[in-house]
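Student: First the structure, which I've put down as structure tokens, then a few questions once you've had a look.
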Amino acid sequence: MIAPAAIARMIADETARFTAANPRSAALAKDAARHWHRGVPFHWMLDWGTPFPLFAARAEGSRLWDADGHVYDDFCLGDTGSMFGHSPVPVSRAIARQGAQGLTFMLPTEDAVAVGDLLAERFGLPFWQITSTASEANRAVIRWCRGITGRDKIIVFNGCYHGAVDDVFVDLRDGVPELRRSLVGQVYDMREHTRVIEFNDLAALEAALAPGDVACVLTEPALTNVGMMLPDPGYLEALRDLTRRHGTLLVFDETHTISTGPGGWTGTHGPLPDLFVLGKPVAGGVPCAVYGFSADVAERMEHVRAANESGHSGIGTTLSANALALAAMRAALAEVMTPEAYAHMLPLADRLAETLRTTIAAHDLDWHVTHVGARGEFICTGTPPRNGTEARAAMQGDLERAIHLYLINRGILIAPFHNMTLVCPATTEDQVARLGNVLGECLSSLME
Ligand SMILES: Cc1ncc(COP(=O)(O)O)c(C=O)c1O
């Protein structure tokens with residue numbers, strides 16, 4: 001067991017060490033606070049647990065340099081936006097090329113043809129649309145599902161995250177649905193239109209679908225935002241079967257589980273959903289997301305459009321599918337997110353998971369490591385959670401913060417939100433070994 005006093009001591013020591021080592025970031029943080037609310041251009045940048053934000057100078061492949069000149073082995077990779085490495089050369093080239101030829105026209109370019117073909121071939125769904133973020137793609141998908149089914153309810157799983165999408169911020173606490181407590185300025189009661197159930201609970205799913213009023217089930221194939229939770233064997237197939245039987249559309253949000261393989265979880269394990277969402281790394285880090293859908297869904301969309309007055313659909317934004325995003329996505333899909341890239345990432349992620357397990361076991365800690373392809377995570381409890389309630393109970397905020405700070409001070413970044421690591425095509429065996437060694441030193445220090 002790790003004593004709370006040891007955790008508090010490590011946070012204090014590592015905070016002081018960070019402050020001493022990062023004078024340039026400290027000065028920039030002070031200057032930035034003149035006009036940026038809370039000192040940063042985007043408030044998530046405060047979530048790293050550091051006493052002030054670390055300012056990035058540049059990044060390449062699996063490494064990042066900060067404003068004070070330190071170099072980091074980056075296992076966070078922009079929390080998936082750069083999951084195929086920072087500034088992959090084909091994407092950089094495409095950006096430079098398109099940058100000189102116009103950025104946004106509200107007209108398609110030739111790249112649209114190639115990207116449509118690449119998406120359909122890779123993910124097995126025939127029709128696609130582009131948005132600027134995965135949040136937006138999920139909002140669009142929910143609207144479409146409600147529009148084409150004429151049903152107002154959706155089902156999500158406890159602990160899910162699909163971006164800044166109001167409809168999904170409903171949690172189960174002690175089995176009771178409630179609005180996510182951290183939401184700001186939310187005035188609607190989403191529970192009127194959203195049912196939330198536990199992942200891996202087939203009986204709850206059947207009951208939630210039974211009234212026949214559910215437009216869609218929106219989920220990641222494996223939950224990755226409340227720790228990482230794998231589906232029980234057969235669960236997704238049953239989900240596919242039940243949704244079909246109840247006339248409910250199935251949406252897989254593969255924004256994170258694209259880590260599984262070139263076709264995401266769907267392409268690797270199946271089943272095929274009716275709609276498919278992918279954001280973050282799909283254009284190599286340029287803001288862009290896609291959603292794909294079956295021919296049946298496409299046809300039903302046409303009926304909805306034909307039946308409505310023309311005008312605002314509530315779907316899409318001005319910069320969606322701009323020329324820059326299309327060029328970057330074409331390069332990312334064709335030249336970066338390749339089977340060869342995964343052939344490097346997946347075995348190295350296996351190695352990373354094994355390294356973490358060995359390190360944890362060497363300290364006699366009963367912690368669990370899980371991974372979905374290139375995306376790994378350790379949780380500070382021995383039993384792998386099967387649902388959101390179990391996963392939330394396993395979280396240990398202070399301990400995680402202490403570990404994160406210790407790693408940052410020794411040149412290693414993992415995702416700030418939980419203990420997530422990503423392996424990209426440029427990640428090396430040495431970087432993985434170093435993560436294991438530094439984590440081992442951190443645990444030894446906590447257990448002194
Ligand atoms: C599964 C999933 N979907 C969607 C999103 C939203 O992505 P974005 O913030 O780029 O809109 C996230 C963000 O973490 C996510 O984890």
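Labels used: A, B, ... for chains in the order of the structure tokens, numbers from 1 for residues in each chain, and numbers from 1 for ligands as shown.
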Taking a cut-off of 7 Å and counting only C-alpha atoms and all ligand atoms, can you build a table that, for each residue of chain A near ligand 1, reports the nearest atom pair and how far apart they are in Å (one decimal), sorted by chain then residue number, as CSV?
Tutor:
```
residue,atom,partner,partner_atom_place_in_ligand_line,distance
A:Thr133,CA,ligand 1,11 (O),4.3
A:Ala134,CA,ligand 1,11 (O),3.9
A:Ser135,CA,ligand 1,11 (O),3.6
A:Glu136,CA,ligand 1,11 (O),6.3
A:Tyr161,CA,ligand 1,15 (C),5.7
A:His162,CA,ligand 1,3 (N),3.7
A:Gly163,CA,ligand 1,6 (C),3.4
A:Ala164,CA,ligand 1,11 (O),6.5
A:Glu220,CA,ligand 1,1 (C),6.0
A:Thr224,CA,ligand 1,16 (O),6.9
A:Asn225,CA,ligand 1,16 (O),6.0
A:Asp253,CA,ligand 1,1 (C),5.6
A:Glu254,CA,ligand 1,1 (C),6.3
A:Thr255,CA,ligand 1,1 (C),4.9
A:His256,CA,ligand 1,1 (C),5.3
A:Gly279,CA,ligand 1,10 (O),6.0
A:Lys280,CA,ligand 1,10 (O),5.0
```
Student: Selection from above, C-alpha atoms, as a PDB file, in the first residue's frame, can you write it?
Tutor:
```pdb
ATOM      1  CA  THR A 133     -13.976  17.763 -34.292  1.00  0.00           C
ATOM      2  CA  ALA A 134     -15.163  14.426 -32.963  1.00  0.00           C
ATOM      3  CA  SER A 135     -17.511  16.294 -30.623  1.00  0.00           C
ATOM      4  CA  GLU A 136     -19.206  17.804 -33.622  1.00  0.00           C
ATOM      5  CA  TYR A 161     -17.177  10.601 -23.020  1.00  0.00           C
ATOM      6  CA  HIS A 162     -17.862  11.632 -26.584  1.00  0.00           C
ATOM      7  CA  GLY A 163     -16.671  15.219 -26.460  1.00  0.00           C
ATOM      8  CA  ALA A 164     -18.583  18.413 -25.797  1.00  0.00           C
ATOM      9  CA  GLU A 220     -16.911   3.335 -27.895  1.00  0.00           C
ATOM     10  CA  THR A 224     -11.504   4.542 -22.751  1.00  0.00           C
ATOM     11  CA  ASN A 225     -12.509   7.678 -20.928  1.00  0.00           C
ATOM     12  CA  ASP A 253     -17.182   6.267 -31.726  1.00  0.00           C
ATOM     13  CA  GLU A 254     -13.702   5.020 -32.627  1.00  0.00           C
ATOM     14  CA  THR A 255     -11.873   8.256 -31.895  1.00  0.00           C
ATOM     15  CA  HIS A 256      -9.726   6.477 -29.295  1.00  0.00           C
ATOM     16  CA  GLY A 279     -11.810  12.295 -34.928  1.00  0.00           C
ATOM     17  CA  LYS A 280      -8.573  13.500 -33.349  1.00  0.00           C
TER      18      LYS A 280
END
```
Student: Can you pull out every residue within 6 Å of segment 288-294 of chain A, counting only C-alpha atoms, but drop anything in the same chain fewer than 6 positions away, and send it as a ChimeraX atom specification?
Tutor: /A:125-134,274-279
Student: For a quick check of understanding, using only C-alpha atoms, which of A:Leu324, A:Ser310, A:Trp65, A:Pro90 has the smallest distance to Thr104 of chain A?
Tutor: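 Closest candidate: A:Leu324.
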Student: What lies within 8 Å of segment 19-35 of chain A using only C-alpha atoms, ignoring chain neighbours under 5 positions off, as a short mmCIF file (atom, residue, chain, number, x, y, z; two decimals) with N, CA and C atoms, in the first residue's frame?
Tutor:
```
data_model
loop_
_atom_site.label_atom_id
_atom_site.label_comp_id
_atom_site.auth_asym_id
_atom_site.auth_seq_id
_atom_site.Cartn_x
_atom_site.Cartn_y
_atom_site.Cartn_z
N VAL A 40 -4.28 30.38 -19.68
CA VAL A 40 -4.04 29.48 -20.82
C VAL A 40 -5.10 29.73 -21.91
N PRO A 51 2.45 23.05 -11.25
CA PRO A 51 2.06 24.31 -10.59
C PRO A 51 1.76 25.44 -11.58
N PHE A 52 2.31 25.38 -12.76
CA PHE A 52 1.97 26.29 -13.85
C PHE A 52 2.14 25.48 -15.13
N PRO A 53 1.54 25.95 -16.24
CA PRO A 53 1.60 25.11 -17.44
C PRO A 53 3.02 24.97 -17.98
N LEU A 54 3.31 23.81 -18.47
CA LEU A 54 4.55 23.57 -19.20
C LEU A 54 4.32 24.13 -20.60
N PHE A 55 5.20 25.02 -21.06
CA PHE A 55 5.04 25.57 -22.41
C PHE A 55 5.83 24.72 -23.39
N ASP A 66 10.33 21.38 -24.44
CA ASP A 66 9.61 22.48 -23.79
C ASP A 66 10.40 23.79 -23.91
N ALA A 67 9.80 24.85 -23.39
CA ALA A 67 10.38 26.18 -23.56
C ALA A 67 11.71 26.32 -22.83
N ASP A 68 11.97 25.47 -21.84
CA ASP A 68 13.24 25.51 -21.11
C ASP A 68 14.28 24.57 -21.72
#
```
Student: Can you list every residue of segment 196-250 of chain A that has an atom at most 12 Å from segment 372-384 of chain A, with its nearest atom pair and the distance in Å to one decimal, using only C-alpha atoms, ordered by chain then number, as JSON lines?
Tutor:
```
{"residue": "A:Glu220", "atom": "CA", "partner": "A:Val372", "partner_atom": "CA", "distance": 11.6}
{"residue": "A:Pro221", "atom": "CA", "partner": "A:Val372", "partner_atom": "CA", "distance": 10.2}
{"residue": "A:Ala222", "atom": "CA", "partner": "A:Val372", "partner_atom": "CA", "distance": 7.9}
{"residue": "A:Leu223", "atom": "CA", "partner": "A:Val372", "partner_atom": "CA", "distance": 9.8}
{"residue": "A:Thr224", "atom": "CA", "partner": "A:Val372", "partner_atom": "CA", "distance": 8.9}
{"residue": "A:Asn225", "atom": "CA", "partner": "A:Glu377", "partner_atom": "CA", "distance": 10.6}
{"residue": "A:Val226", "atom": "CA", "partner": "A:Ile379", "partner_atom": "CA", "distance": 10.4}
{"residue": "A:Gly227", "atom": "CA", "partner": "A:Ile379", "partner_atom": "CA", "distance": 7.1}
{"residue": "A:Met228", "atom": "CA", "partner": "A:Glu377", "partner_atom": "CA", "distance": 6.7}
{"residue": "A:Met229", "atom": "CA", "partner": "A:Pro384", "partner_atom": "CA", "distance": 7.5}
{"residue": "A:Leu230", "atom": "CA", "partner": "A:Val372", "partner_atom": "CA", "distance": 8.1}
{"residue": "A:Pro231", "atom": "CA", "partner": "A:Val372", "partner_atom": "CA", "distance": 11.0}
{"residue": "A:Asp232", "atom": "CA", "partner": "A:Pro384", "partner_atom": "CA", "distance": 11.5}
```
Student: Restricted to N, CA, C and O atoms, what would the selected residues look like written as a PDB file, in the first residue's frame?
Tutor:
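Listed below is the output, result33.pdb:
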```
ATOM      1  N   GLU A 220     -18.187   3.844 -27.415  1.00  0.00           N
ATOM      2  CA  GLU A 220     -16.911   3.335 -27.895  1.00  0.00           C
ATOM      3  C   GLU A 220     -16.995   1.806 -27.789  1.00  0.00           C
ATOM      4  O   GLU A 220     -17.614   1.293 -26.849  1.00  0.00           O
ATOM      5  N   PRO A 221     -16.353   1.083 -28.687  1.00  0.00           N
ATOM      6  CA  PRO A 221     -16.387  -0.393 -28.565  1.00  0.00           C
ATOM      7  C   PRO A 221     -15.740  -0.879 -27.268  1.00  0.00           C
ATOM      8  O   PRO A 221     -16.153  -1.888 -26.704  1.00  0.00           O
ATOM      9  N   ALA A 222     -14.719  -0.180 -26.819  1.00  0.00           N
ATOM     10  CA  ALA A 222     -14.165  -0.396 -25.473  1.00  0.00           C
ATOM     11  C   ALA A 222     -14.150   0.984 -24.838  1.00  0.00           C
ATOM     12  O   ALA A 222     -13.704   1.933 -25.475  1.00  0.00           O
ATOM     13  N   LEU A 223     -14.634   1.117 -23.619  1.00  0.00           N
ATOM     14  CA  LEU A 223     -14.665   2.451 -23.026  1.00  0.00           C
ATOM     15  C   LEU A 223     -13.237   2.876 -22.659  1.00  0.00           C
ATOM     16  O   LEU A 223     -12.490   2.087 -22.083  1.00  0.00           O
ATOM     17  N   THR A 224     -12.886   4.102 -23.009  1.00  0.00           N
ATOM     18  CA  THR A 224     -11.504   4.542 -22.751  1.00  0.00           C
ATOM     19  C   THR A 224     -11.424   5.824 -21.946  1.00  0.00           C
ATOM     20  O   THR A 224     -10.332   6.334 -21.709  1.00  0.00           O
ATOM     21  N   ASN A 225     -12.552   6.357 -21.555  1.00  0.00           N
ATOM     22  CA  ASN A 225     -12.509   7.678 -20.928  1.00  0.00           C
ATOM     23  C   ASN A 225     -12.781   7.680 -19.437  1.00  0.00           C
ATOM     24  O   ASN A 225     -12.847   8.740 -18.816  1.00  0.00           O
ATOM     25  N   VAL A 226     -12.951   6.505 -18.858  1.00  0.00           N
ATOM     26  CA  VAL A 226     -13.144   6.419 -17.405  1.00  0.00           C
ATOM     27  C   VAL A 226     -12.238   5.275 -16.941  1.00  0.00           C
ATOM     28  O   VAL A 226     -12.667   4.287 -16.390  1.00  0.00           O
ATOM     29  N   GLY A 227     -10.938   5.434 -17.241  1.00  0.00           N
ATOM     30  CA  GLY A 227     -10.080   4.264 -17.265  1.00  0.00           C
ATOM     31  C   GLY A 227     -10.367   3.549 -18.577  1.00  0.00           C
ATOM     32  O   GLY A 227     -11.003   4.111 -19.472  1.00  0.00           O
ATOM     33  N   MET A 228      -9.915   2.319 -18.680  1.00  0.00           N
ATOM     34  CA  MET A 228     -10.129   1.597 -19.934  1.00  0.00           C
ATOM     35  C   MET A 228     -10.849   0.284 -19.643  1.00  0.00           C
ATOM     36  O   MET A 228     -10.424  -0.475 -18.785  1.00  0.00           O
ATOM     37  N   MET A 229     -11.953   0.063 -20.352  1.00  0.00           N
ATOM     38  CA  MET A 229     -12.776  -1.123 -20.077  1.00  0.00           C
ATOM     39  C   MET A 229     -13.075  -1.893 -21.342  1.00  0.00           C
ATOM     40  O   MET A 229     -13.619  -1.340 -22.290  1.00  0.00           O
ATOM     41  N   LEU A 230     -12.736  -3.148 -21.338  1.00  0.00           N
ATOM     42  CA  LEU A 230     -12.981  -3.971 -22.515  1.00  0.00           C
ATOM     43  C   LEU A 230     -14.402  -4.527 -22.466  1.00  0.00           C
ATOM     44  O   LEU A 230     -14.949  -4.749 -21.380  1.00  0.00           O
ATOM     45  N   PRO A 231     -14.994  -4.772 -23.640  1.00  0.00           N
ATOM     46  CA  PRO A 231     -16.298  -5.441 -23.640  1.00  0.00           C
ATOM     47  C   PRO A 231     -16.125  -6.901 -23.237  1.00  0.00           C
ATOM     48  O   PRO A 231     -15.128  -7.528 -23.597  1.00  0.00           O
ATOM     49  N   ASP A 232     -17.099  -7.424 -22.499  1.00  0.00           N
ATOM     50  CA  ASP A 232     -17.082  -8.869 -22.226  1.00  0.00           C
ATOM     51  C   ASP A 232     -17.159  -9.615 -23.552  1.00  0.00           C
ATOM     52  O   ASP A 232     -17.742  -9.101 -24.518  1.00  0.00           O
TER      53      ASP A 232
END
```
Student: Among segment 276-312 of chain A, which residues does DSSP mark as helix (DSSP H, G or I) when it is run on the backbone? Keep the chain and numbering as in the structure and answer as a PyMOL selection string.
Tutor: chain A and resi 280-283+295-307
Student: Taking only C-alpha atoms into account, which of A:Val168, A:Leu179, A:Ile155, A:Val282 comes nearest Asp213 of chain A?
Tutor: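 Among the listed residues, A:Ile155 lies closest to Asp213 of chain A.
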Student: Within 9 Å of Trp48 of chain A, counting only C-alpha atoms, which residues qualify if same-chain residues fewer than 5 places away don't, as a VMD selection string?
Tutor: chain A and resid 53 to 54 401 404 to 405 415 to 417
Student: Convert the current residue selection to file output with N, CA and C atoms, as a PDB file, in the first residue's frame.
Tutor:
```pdb
ATOM      1  N   PRO A  53       1.539  25.945 -16.237  1.00  0.00           N
ATOM      2  CA  PRO A  53       1.597  25.106 -17.436  1.00  0.00           C
ATOM      3  C   PRO A  53       3.019  24.970 -17.982  1.00  0.00           C
ATOM      4  N   LEU A  54       3.308  23.806 -18.466  1.00  0.00           N
ATOM      5  CA  LEU A  54       4.552  23.575 -19.201  1.00  0.00           C
ATOM      6  C   LEU A  54       4.321  24.134 -20.603  1.00  0.00           C
ATOM      7  N   ARG A 401      -1.682  12.032  -9.679  1.00  0.00           N
ATOM      8  CA  ARG A 401      -1.022  13.337  -9.861  1.00  0.00           C
ATOM      9  C   ARG A 401       0.453  13.259  -9.464  1.00  0.00           C
ATOM     10  N   HIS A 404       2.306  11.442 -12.201  1.00  0.00           N
ATOM     11  CA  HIS A 404       2.439  12.262 -13.408  1.00  0.00           C
ATOM     12  C   HIS A 404       3.557  13.303 -13.225  1.00  0.00           C
ATOM     13  N   LEU A 405       3.545  13.965 -12.059  1.00  0.00           N
ATOM     14  CA  LEU A 405       4.554  15.000 -11.812  1.00  0.00           C
ATOM     15  C   LEU A 405       5.960  14.406 -11.803  1.00  0.00           C
ATOM     16  N   ALA A 415      -0.788  10.764 -20.492  1.00  0.00           N
ATOM     17  CA  ALA A 415      -1.968  11.628 -20.532  1.00  0.00           C
ATOM     18  C   ALA A 415      -2.293  12.131 -19.132  1.00  0.00           C
ATOM     19  N   PRO A 416      -2.646  13.409 -19.005  1.00  0.00           N
ATOM     20  CA  PRO A 416      -2.870  13.976 -17.679  1.00  0.00           C
ATOM     21  C   PRO A 416      -4.154  13.496 -17.008  1.00  0.00           C
ATOM     22  N   PHE A 417      -5.101  12.999 -17.787  1.00  0.00           N
ATOM     23  CA  PHE A 417      -6.420  12.727 -17.202  1.00  0.00           C
ATOM     24  C   PHE A 417      -6.453  11.438 -16.394  1.00  0.00           C
TER      25      PHE A 417
END
```
Student: Which residues, written as a compact mmCIF listing (two decimals) with all heavy atoms, in the first residue's frame, have at least one atom at most 9 Å from Thr109 of chain A, with only C-alpha atoms counted and residues fewer than 5 positions away on the same chain left out?
Tutor:
```txt
# COMPACT_ATOMS: atom_id res chain seq x y z
N ASN A 322 -12.76 21.62 -44.88
CA ASN A 322 -11.98 22.62 -45.62
C ASN A 322 -10.81 21.93 -46.36
O ASN A 322 -10.44 20.80 -46.06
CB ASN A 322 -11.49 23.74 -44.69
CG ASN A 322 -10.52 23.21 -43.66
OD1 ASN A 322 -9.39 22.87 -43.97
ND2 ASN A 322 -10.98 23.14 -42.41
N ALA A 323 -10.26 22.66 -47.31
CA ALA A 323 -9.24 22.07 -48.19
C ALA A 323 -8.01 21.61 -47.41
O ALA A 323 -7.41 20.57 -47.73
CB ALA A 323 -8.84 23.09 -49.25
N LEU A 326 -8.83 18.29 -45.66
CA LEU A 326 -8.89 17.19 -46.63
C LEU A 326 -7.50 16.75 -47.06
O LEU A 326 -7.20 15.56 -47.15
CB LEU A 326 -9.71 17.63 -47.86
CG LEU A 326 -11.22 17.48 -47.73
CD1 LEU A 326 -11.94 18.25 -48.83
CD2 LEU A 326 -11.64 16.01 -47.77
N ALA A 327 -6.64 17.73 -47.31
CA ALA A 327 -5.27 17.39 -47.75
C ALA A 327 -4.54 16.64 -46.64
O ALA A 327 -3.87 15.63 -46.89
CB ALA A 327 -4.52 18.67 -48.12
```
Student: Let's see if you can do this: from backbone DSSP, list all strand (DSSP E or B) residues in segment 138-334 of chain A, as number ranges by chain.
Tutor: A: 153-157, 170-173, 176-179, 194-197, 214-219, 223, 229, 249-253, 275-278, 284, 286, 289-293
Student: Which of these, A:Gly124, A:Glu110, A:Glu335, A:Gly436, has the shortest distance to Thr358 of chain A once you count only C-alpha atoms?
Tutor: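 Selected residue with least distance to Thr358 of chain A: A:Gly436.
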Student: Do you have the atom CA of Gly284 of chain A-atom CA of Ala332 of chain A distance handy?
Tutor: 5.6 Å
Student: Quick one: everything within 9 Å of Gln431 of chain A, counting only C-alpha atoms, minus sequence neighbours fewer than 6 positions away in the same chain. Send it as a PyMOL selection string.
Tutor: chain A and resi 62+73-74+412
Student: With only C-alpha atoms as the atoms that count, which of A:Ala341, A:Leu333, A:Glu60, A:Gly314 lies nearest to Ala114 of chain A?
Tutor: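 Counting only C-alpha atoms, the residue closest to Ala114 of chain A is A:Leu333.
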